[in-house]
Amino acid sequence: MPMLTVREALRDAMLEEMKRDSEVFVMGEEVAEYQGAYKVTQGLLQEFGPKRVIDTPITEHGFAGVAVGAAFAGLKPIVEFMTFNFAMQAIDHIINSAAKTNYMSGGQVRCPIVFRGPNGAAARVGAQHSQCYASWYGHVPGLKVVAPYSAADAKGLLKAAIRDPNPVVFLENEMLYGQSFDVPDDEDYIVPIGKALVVKEGKDVTITAFSLMVKHALNAASVLEEMGISCEVIDLRTIRPLDTETIINSVKKTNRIVSVEEGWPFAGMGSEIAALVMEEAFDDLDAPVVRVAGKDVPLPYAANLEKLALPQVEDIIEAVKSVCYRNK
């Protein structure tokens, strides 16, 4: 099984799907001549030419609208946002046009489109470039929302998203682009949307996470193992539809749960998971649900303050110890 970076896995997913289906094309800022701001579209222009790999002006509202119209007409656009913070300019098209039209047309007009790009914090890029939009888009009926961690899942989920007849918001992470993982050498490798993955089995506490926070959760679980606490780590992979079955089955086994996310705590994914567990597994809980999330402030620019504002491995360790009543 070859080792690929997340960047290479995403590129391969688009390459394979564009070879498979002539209606798939890529558009966005610097995706063609510059090979992508993060080199995720490297080589696609040379392979498919400028009609299918399209450099756009710096106008997210404009090119997102063009792409949604193309999807309504039967094409399958992949829209790259240089960062999902810039998709704020295009959010009207994503929500009011892409997400709602299938319902409003009585199923007559589908929108097979993927909106993809880096989401969340990178390193010292300031508050306006560091936001996590998982719970924002997860709130919207009509959208599917994906946030992979590993290269294999990035490839398999992106291929699934491109083939899906619905609009998919595909949240990547800049800090993961250069990370390497084993990836199956199979052009038909697909990871189904809506299925979480238990990346580490355990018996004492469940930890849910997605995207970069999976790495933090696994690192915390390794430390906690040495303290005698066995953690089950679930990579959500998909934000909407959320794999509630995997979460609830794990809680019924461990009787405790800690939710980890990079975004703000108020109305975040942790809030949704807490409500879900209360509704479906309340009697199985031996401790309150605990959320680990970013601090409720715009992300600071200074490196020391940025570290304090984002969830760290130590925060997860302390949260797990609290639900296991091991604070002393």
# chains A, B, ... in the order shown; residues from 1 in each chain; ligands from 1
>>> select_by_dssp(residues="range 35-171 of chain A", states="helix (DSSP H, G or I)", output="VMD selection string")
chain A and resid 44 to 48 60 to 72 86 to 99 101 to 104 127 to 129 134 to 138 151 to 163
>>> closest_atom_pairs(of="range 76-140 of chain A", to="range 27-46 of chain A", cutoff="12 Å", atoms="only C-alpha atoms", output="JSON lines")
{"residue": "A:Lys76", "atom": "CA", "partner": "A:Met27", "partner_atom": "CA", "distance": 10.8}
{"residue": "A:Pro77", "atom": "CA", "partner": "A:Met27", "partner_atom": "CA", "distance": 7.3}
{"residue": "A:Ile78", "atom": "CA", "partner": "A:Met27", "partner_atom": "CA", "distance": 6.4}
{"residue": "A:Val79", "atom": "CA", "partner": "A:Met27", "partner_atom": "CA", "distance": 5.2}
{"residue": "A:Glu80", "atom": "CA", "partner": "A:Gly28", "partner_atom": "CA", "distance": 4.9}
{"residue": "A:Phe81", "atom": "CA", "partner": "A:Gly28", "partner_atom": "CA", "distance": 6.3}
{"residue": "A:Met82", "atom": "CA", "partner": "A:Ala37", "partner_atom": "CA", "distance": 6.5}
{"residue": "A:Thr83", "atom": "CA", "partner": "A:Ala37", "partner_atom": "CA", "distance": 9.5}
{"residue": "A:Phe86", "atom": "CA", "partner": "A:Glu29", "partner_atom": "CA", "distance": 10.9}
{"residue": "A:Ala87", "atom": "CA", "partner": "A:Gly28", "partner_atom": "CA", "distance": 11.2}
{"residue": "A:Ile113", "atom": "CA", "partner": "A:Met27", "partner_atom": "CA", "distance": 11.3}
{"residue": "A:Val114", "atom": "CA", "partner": "A:Met27", "partner_atom": "CA", "distance": 10.6}
{"residue": "A:Phe115", "atom": "CA", "partner": "A:Gly28", "partner_atom": "CA", "distance": 10.0}
{"residue": "A:Arg116", "atom": "CA", "partner": "A:Gly28", "partner_atom": "CA", "distance": 9.9}
{"residue": "A:Gly117", "atom": "CA", "partner": "A:Val40", "partner_atom": "CA", "distance": 9.3}
{"residue": "A:Pro118", "atom": "CA", "partner": "A:Tyr38", "partner_atom": "CA", "distance": 9.1}
>>> select_by_dssp(residues="range 131-287 of chain A", states="strand (DSSP E)", output="JSON, numbers by chain")
{"A": [144, 145, 146, 168, 169, 170, 171, 172, 180, 181, 182, 197, 198, 199, 200, 205, 206, 207, 208, 209, 231, 232, 233, 234, 235, 238, 239, 240, 257, 258, 259, 260]}
>>> closest_residue(among="A:Tyr103, A:Phe72, A:Tyr137, A:Phe266", to="Arg240 in chain A", atoms="only C-alpha atoms")
A:Tyr137
>>> closest_atom_pairs(of="range 187-263 of chain A", to="range 180-183 of chain A", cutoff="12 Å", atoms="only C-alpha atoms", output="CSV")
residue,atom,partner,partner_atom,distance
A:Glu187,CA,A:Val183,CA,10.8
A:Tyr189,CA,A:Val183,CA,9.2
A:Ile190,CA,A:Val183,CA,11.3
A:Val191,CA,A:Val183,CA,11.7
>>> write_last_selection(atoms="C-alpha atoms", output="compact mmCIF listing (two decimals), in the first residue's frame")
# COMPACT_ATOMS: atom_id res chain seq x y z
CA GLU A 187 -8.97 3.64 -8.58
CA TYR A 189 -11.50 3.06 -3.64
CA ILE A 190 -14.53 4.83 -2.18
CA VAL A 191 -15.28 5.76 1.43
>>> residues_around(residues="Gln179 in chain A", least_positions_apart="4", cutoff="10 Å", atoms="only C-alpha atoms", output="list in words")
Met3, Leu4, Thr5, Val6, Arg7, Glu8, Tyr149, Ser150, Ala151, Glu174 and Met175 of chain A
>>> write_last_selection(atoms="N, CA, C and O atoms", output="short mmCIF file (atom, residue, chain, number, x, y, z; two decimals), in the first residue's frame")
data_model
loop_
_atom_site.label_atom_id
_atom_site.label_comp_id
_atom_site.auth_asym_id
_atom_site.auth_seq_id
_atom_site.Cartn_x
_atom_site.Cartn_y
_atom_site.Cartn_z
N MET A 3 2.40 5.08 0.33
CA MET A 3 2.24 6.21 1.25
C MET A 3 2.05 7.47 0.41
O MET A 3 2.86 7.76 -0.48
N LEU A 4 1.00 8.20 0.68
CA LEU A 4 0.73 9.45 -0.02
C LEU A 4 0.45 10.54 1.01
O LEU A 4 -0.08 10.28 2.09
N THR A 5 0.79 11.78 0.64
CA THR A 5 0.35 12.90 1.47
C THR A 5 -1.13 13.15 1.20
O THR A 5 -1.69 12.70 0.19
N VAL A 6 -1.77 13.87 2.11
CA VAL A 6 -3.17 14.23 1.91
C VAL A 6 -3.32 15.04 0.63
O VAL A 6 -4.27 14.86 -0.14
N ARG A 7 -2.36 15.91 0.36
CA ARG A 7 -2.37 16.72 -0.86
C ARG A 7 -2.40 15.83 -2.10
O ARG A 7 -3.18 16.04 -3.03
N GLU A 8 -1.53 14.82 -2.13
CA GLU A 8 -1.46 13.91 -3.28
C GLU A 8 -2.72 13.07 -3.40
O GLU A 8 -3.20 12.81 -4.52
N TYR A 149 -9.57 13.14 7.94
CA TYR A 149 -8.27 13.26 8.61
C TYR A 149 -7.16 12.63 7.78
O TYR A 149 -6.20 13.30 7.41
N SER A 150 -7.28 11.36 7.45
CA SER A 150 -6.19 10.64 6.78
C SER A 150 -6.23 10.84 5.27
O SER A 150 -7.26 11.24 4.70
N ALA A 151 -5.12 10.51 4.61
CA ALA A 151 -5.05 10.61 3.14
C ALA A 151 -6.00 9.62 2.48
O ALA A 151 -6.63 9.94 1.47
N GLU A 174 -5.29 22.66 6.20
CA GLU A 174 -3.98 23.04 5.65
C GLU A 174 -2.83 22.34 6.37
O GLU A 174 -1.83 21.96 5.74
N MET A 175 -2.98 22.12 7.67
CA MET A 175 -1.91 21.50 8.45
C MET A 175 -1.76 20.02 8.16
O MET A 175 -0.75 19.40 8.52
#
>>> closest_residue(among="A:Gly65, A:Gly294, A:Gly120, A:Pro141", to="Lys100 in chain A", atoms="only C-alpha atoms")
A:Pro141
>>> atom_distance(atom1="CA of Arg291 in chain A", atom2="CA of Leu224 in chain A")
17.3 Å
>>> closest_residue(among="A:Cys324, A:Leu75, A:Leu310, A:Ala70", to="Arg163 in chain A", atoms="only C-alpha atoms")
A:Leu75
>>> residues_around(residues="Leu305 in chain A", least_positions_apart="3", cutoff="12 Å", atoms="only C-alpha atoms", output="number ranges by chain")
A: 123-124, 126-127, 294-295, 297-302, 308-311
>>> write_last_selection(atoms="all heavy atoms", output="mmCIF file, in the first residue's frame")
data_model
loop_
_atom_site.group_PDB
_atom_site.id
_atom_site.type_symbol
_atom_site.label_atom_id
_atom_site.label_comp_id
_atom_site.auth_asym_id
_atom_site.auth_seq_id
_atom_site.Cartn_x
_atom_site.Cartn_y
_atom_site.Cartn_z
ATOM 1 N N ALA A 123 -1.545 28.350 10.775
ATOM 2 C CA ALA A 123 -0.555 28.804 11.756
ATOM 3 C C ALA A 123 -0.352 30.300 11.581
ATOM 4 O O ALA A 123 0.172 30.744 10.556
ATOM 5 C CB ALA A 123 0.765 28.061 11.576
ATOM 6 N N ARG A 124 -0.839 31.060 12.521
ATOM 7 C CA ARG A 124 -0.653 32.517 12.562
ATOM 8 C C ARG A 124 -1.101 33.179 11.257
ATOM 9 O O ARG A 124 -0.352 33.930 10.643
ATOM 10 C CB ARG A 124 0.802 32.864 12.882
ATOM 11 C CG ARG A 124 1.266 32.363 14.244
ATOM 12 C CD ARG A 124 2.632 32.937 14.592
ATOM 13 N NE ARG A 124 2.524 34.377 14.838
ATOM 14 C CZ ARG A 124 3.514 35.247 14.596
ATOM 15 N NH1 ARG A 124 4.654 34.813 14.104
ATOM 16 N NH2 ARG A 124 3.347 36.518 14.859
ATOM 17 N N GLY A 126 -4.258 34.713 11.418
ATOM 18 C CA GLY A 126 -5.204 35.712 11.899
ATOM 19 C C GLY A 126 -6.641 35.227 11.942
ATOM 20 O O GLY A 126 -7.009 34.198 11.367
ATOM 21 N N ALA A 127 -7.474 35.985 12.621
ATOM 22 C CA ALA A 127 -8.858 35.574 12.894
ATOM 23 C C ALA A 127 -9.682 35.390 11.630
ATOM 24 O O ALA A 127 -10.557 34.516 11.572
ATOM 25 C CB ALA A 127 -9.522 36.611 13.815
ATOM 26 N N GLY A 294 -12.340 25.129 20.642
ATOM 27 C CA GLY A 294 -11.578 26.369 20.652
ATOM 28 C C GLY A 294 -12.188 27.357 21.635
ATOM 29 O O GLY A 294 -13.363 27.274 21.967
ATOM 30 N N LYS A 295 -11.388 28.295 22.106
ATOM 31 C CA LYS A 295 -11.901 29.321 23.010
ATOM 32 C C LYS A 295 -12.884 30.230 22.259
ATOM 33 O O LYS A 295 -12.782 30.413 21.040
ATOM 34 C CB LYS A 295 -10.762 30.143 23.582
ATOM 35 C CG LYS A 295 -9.766 29.332 24.399
ATOM 36 C CD LYS A 295 -10.412 28.699 25.620
ATOM 37 C CE LYS A 295 -9.373 28.043 26.529
ATOM 38 N NZ LYS A 295 -8.746 26.837 25.914
ATOM 39 N N VAL A 297 -13.426 33.098 21.260
ATOM 40 C CA VAL A 297 -12.874 34.393 20.843
ATOM 41 C C VAL A 297 -12.422 34.282 19.387
ATOM 42 O O VAL A 297 -12.113 33.186 18.913
ATOM 43 C CB VAL A 297 -11.653 34.797 21.708
ATOM 44 C CG1 VAL A 297 -12.064 35.030 23.148
ATOM 45 C CG2 VAL A 297 -10.554 33.751 21.626
ATOM 46 N N PRO A 298 -12.373 35.405 18.658
ATOM 47 C CA PRO A 298 -11.698 35.365 17.354
ATOM 48 C C PRO A 298 -10.253 34.922 17.559
ATOM 49 O O PRO A 298 -9.616 35.327 18.537
ATOM 50 C CB PRO A 298 -11.770 36.819 16.866
ATOM 51 C CG PRO A 298 -12.916 37.410 17.622
ATOM 52 C CD PRO A 298 -12.926 36.735 18.970
ATOM 53 N N LEU A 299 -9.743 34.098 16.668
ATOM 54 C CA LEU A 299 -8.427 33.503 16.913
ATOM 55 C C LEU A 299 -7.335 34.574 16.915
ATOM 56 O O LEU A 299 -7.190 35.326 15.951
ATOM 57 C CB LEU A 299 -8.113 32.456 15.844
ATOM 58 C CG LEU A 299 -6.922 31.559 16.195
ATOM 59 C CD1 LEU A 299 -7.274 30.631 17.358
ATOM 60 C CD2 LEU A 299 -6.490 30.734 15.004
ATOM 61 N N PRO A 300 -6.523 34.645 17.964
ATOM 62 C CA PRO A 300 -5.452 35.646 18.018
ATOM 63 C C PRO A 300 -4.366 35.356 16.976
ATOM 64 O O PRO A 300 -4.181 34.216 16.554
ATOM 65 C CB PRO A 300 -4.890 35.501 19.441
ATOM 66 C CG PRO A 300 -5.947 34.776 20.215
ATOM 67 C CD PRO A 300 -6.629 33.890 19.229
ATOM 68 N N TYR A 301 -3.623 36.406 16.644
ATOM 69 C CA TYR A 301 -2.521 36.260 15.693
ATOM 70 C C TYR A 301 -1.233 35.814 16.385
ATOM 71 O O TYR A 301 -0.481 35.004 15.842
ATOM 72 C CB TYR A 301 -2.286 37.588 14.967
ATOM 73 C CG TYR A 301 -1.087 37.571 14.046
ATOM 74 C CD1 TYR A 301 -1.129 36.864 12.842
ATOM 75 C CD2 TYR A 301 0.091 38.225 14.383
ATOM 76 C CE1 TYR A 301 -0.027 36.830 11.997
ATOM 77 C CE2 TYR A 301 1.200 38.197 13.551
ATOM 78 C CZ TYR A 301 1.131 37.495 12.358
ATOM 79 O OH TYR A 301 2.221 37.451 11.523
ATOM 80 N N ALA A 302 -0.981 36.320 17.575
ATOM 81 C CA ALA A 302 0.259 35.993 18.288
ATOM 82 C C ALA A 302 0.327 34.494 18.555
ATOM 83 O O ALA A 302 -0.656 33.878 18.976
ATOM 84 C CB ALA A 302 0.326 36.766 19.601
ATOM 85 N N LEU A 308 -3.064 29.026 23.020
ATOM 86 C CA LEU A 308 -4.006 29.005 24.134
ATOM 87 C C LEU A 308 -5.448 28.934 23.660
ATOM 88 O O LEU A 308 -6.316 28.399 24.360
ATOM 89 C CB LEU A 308 -3.817 30.248 25.006
ATOM 90 C CG LEU A 308 -2.533 30.310 25.837
ATOM 91 C CD1 LEU A 308 -2.375 31.684 26.466
ATOM 92 C CD2 LEU A 308 -2.533 29.231 26.907
ATOM 93 N N ALA A 309 -5.720 29.471 22.469
ATOM 94 C CA ALA A 309 -7.094 29.543 21.974
ATOM 95 C C ALA A 309 -7.545 28.262 21.277
ATOM 96 O O ALA A 309 -8.756 28.012 21.161
ATOM 97 C CB ALA A 309 -7.241 30.726 21.014
ATOM 98 N N LEU A 310 -6.608 27.452 20.796
ATOM 99 C CA LEU A 310 -6.950 26.227 20.078
ATOM 100 C C LEU A 310 -6.827 25.008 20.992
ATOM 101 O O LEU A 310 -5.994 24.991 21.895
ATOM 102 C CB LEU A 310 -6.024 26.053 18.865
ATOM 103 C CG LEU A 310 -6.196 27.056 17.732
ATOM 104 C CD1 LEU A 310 -5.075 26.895 16.693
ATOM 105 C CD2 LEU A 310 -7.567 26.897 17.062
ATOM 106 N N PRO A 311 -7.627 23.975 20.774
ATOM 107 C CA PRO A 311 -7.524 22.759 21.604
ATOM 108 C C PRO A 311 -6.148 22.112 21.459
ATOM 109 O O PRO A 311 -5.632 21.972 20.346
ATOM 110 C CB PRO A 311 -8.619 21.847 21.041
ATOM 111 C CG PRO A 311 -9.541 22.745 20.296
ATOM 112 C CD PRO A 311 -8.705 23.868 19.773
#
>>> residues_around(residues="Leu158 in chain A", least_positions_apart="5", cutoff="10 Å", atoms="only C-alpha atoms", output="PDB file with C-alpha atoms, in the first residue's frame")
ATOM      1  CA  ALA A   9      -4.473  11.818  -2.298  1.00  0.00           C
ATOM      2  CA  LEU A  10      -6.861  14.676  -3.028  1.00  0.00           C
ATOM      3  CA  ARG A  11      -5.160  15.319  -6.371  1.00  0.00           C
ATOM      4  CA  ASP A  12      -5.394  11.632  -7.307  1.00  0.00           C
ATOM      5  CA  ALA A  13      -9.096  11.556  -6.419  1.00  0.00           C
ATOM      6  CA  MET A  14      -9.829  14.449  -8.773  1.00  0.00           C
ATOM      7  CA  GLU A  17     -12.773  11.053 -11.359  1.00  0.00           C
ATOM      8  CA  ILE A  78     -15.393  20.879  -8.125  1.00  0.00           C
ATOM      9  CA  VAL A 114     -18.307  19.772  -4.522  1.00  0.00           C
ATOM     10  CA  ARG A 116     -13.613  22.032  -1.277  1.00  0.00           C
ATOM     11  CA  VAL A 146     -17.248  15.974   5.017  1.00  0.00           C
ATOM     12  CA  ALA A 147     -14.084  16.588   7.089  1.00  0.00           C
ATOM     13  CA  PRO A 148     -11.461  13.843   6.618  1.00  0.00           C
ATOM     14  CA  ALA A 152      -7.001   7.401   2.462  1.00  0.00           C
ATOM     15  CA  ASP A 153     -10.206   8.955   3.753  1.00  0.00           C
ATOM     16  CA  ARG A 163     -20.060  11.009  -7.578  1.00  0.00           C
ATOM     17  CA  ASP A 164     -22.804  12.177  -5.204  1.00  0.00           C
ATOM     18  CA  VAL A 168     -21.057  18.385  -0.770  1.00  0.00           C
ATOM     19  CA  PHE A 170     -15.566  19.130   1.644  1.00  0.00           C
ATOM     20  CA  ILE A 190     -14.525   4.834  -2.185  1.00  0.00           C
ATOM     21  CA  VAL A 191     -15.283   5.765   1.432  1.00  0.00           C
ATOM     22  CA  PRO A 192     -19.042   6.109   1.928  1.00  0.00           C
ATOM     23  CA  ILE A 193     -20.274   9.494   3.120  1.00  0.00           C
TER      24      ILE A 193
END
>>> residues_around(residues="Pro288 in chain A", least_positions_apart="5", cutoff="9 Å", atoms="only C-alpha atoms", output="list of chain:residue names")
A:Arg256, A:Ile257, A:Ala274, A:Val323
>>> write_last_selection(atoms="all heavy atoms", output="PDB file, in the first residue's frame")
ATOM      1  N   ARG A 256     -18.900   6.899  28.732  1.00  0.00           N
ATOM      2  CA  ARG A 256     -18.379   8.259  28.862  1.00  0.00           C
ATOM      3  C   ARG A 256     -18.025   8.779  27.473  1.00  0.00           C
ATOM      4  O   ARG A 256     -17.622   8.000  26.609  1.00  0.00           O
ATOM      5  CB  ARG A 256     -17.113   8.298  29.740  1.00  0.00           C
ATOM      6  CG  ARG A 256     -17.326   7.858  31.175  1.00  0.00           C
ATOM      7  CD  ARG A 256     -15.999   7.733  31.893  1.00  0.00           C
ATOM      8  NE  ARG A 256     -16.176   7.423  33.303  1.00  0.00           N
ATOM      9  CZ  ARG A 256     -16.308   6.196  33.787  1.00  0.00           C
ATOM     10  NH1 ARG A 256     -16.289   5.148  32.951  1.00  0.00           N
ATOM     11  NH2 ARG A 256     -16.470   6.002  35.079  1.00  0.00           N
ATOM     12  N   ILE A 257     -18.132  10.092  27.287  1.00  0.00           N
ATOM     13  CA  ILE A 257     -17.772  10.648  25.976  1.00  0.00           C
ATOM     14  C   ILE A 257     -17.203  12.049  26.117  1.00  0.00           C
ATOM     15  O   ILE A 257     -17.698  12.869  26.902  1.00  0.00           O
ATOM     16  CB  ILE A 257     -18.973  10.641  25.001  1.00  0.00           C
ATOM     17  CG1 ILE A 257     -18.551  11.158  23.612  1.00  0.00           C
ATOM     18  CG2 ILE A 257     -20.163  11.424  25.553  1.00  0.00           C
ATOM     19  CD1 ILE A 257     -19.569  10.919  22.524  1.00  0.00           C
ATOM     20  N   ALA A 274     -23.565  16.196  22.294  1.00  0.00           N
ATOM     21  CA  ALA A 274     -24.078  16.141  23.661  1.00  0.00           C
ATOM     22  C   ALA A 274     -25.585  15.918  23.672  1.00  0.00           C
ATOM     23  O   ALA A 274     -26.105  15.100  24.449  1.00  0.00           O
ATOM     24  CB  ALA A 274     -23.722  17.424  24.405  1.00  0.00           C
ATOM     25  N   VAL A 323     -13.910  13.070  33.137  1.00  0.00           N
ATOM     26  CA  VAL A 323     -15.068  12.174  33.004  1.00  0.00           C
ATOM     27  C   VAL A 323     -14.791  10.810  33.615  1.00  0.00           C
ATOM     28  O   VAL A 323     -15.718  10.057  33.928  1.00  0.00           O
ATOM     29  CB  VAL A 323     -15.533  12.014  31.533  1.00  0.00           C
ATOM     30  CG1 VAL A 323     -15.952  13.348  30.945  1.00  0.00           C
ATOM     31  CG2 VAL A 323     -14.477  11.335  30.672  1.00  0.00           C
TER      32      VAL A 323
END
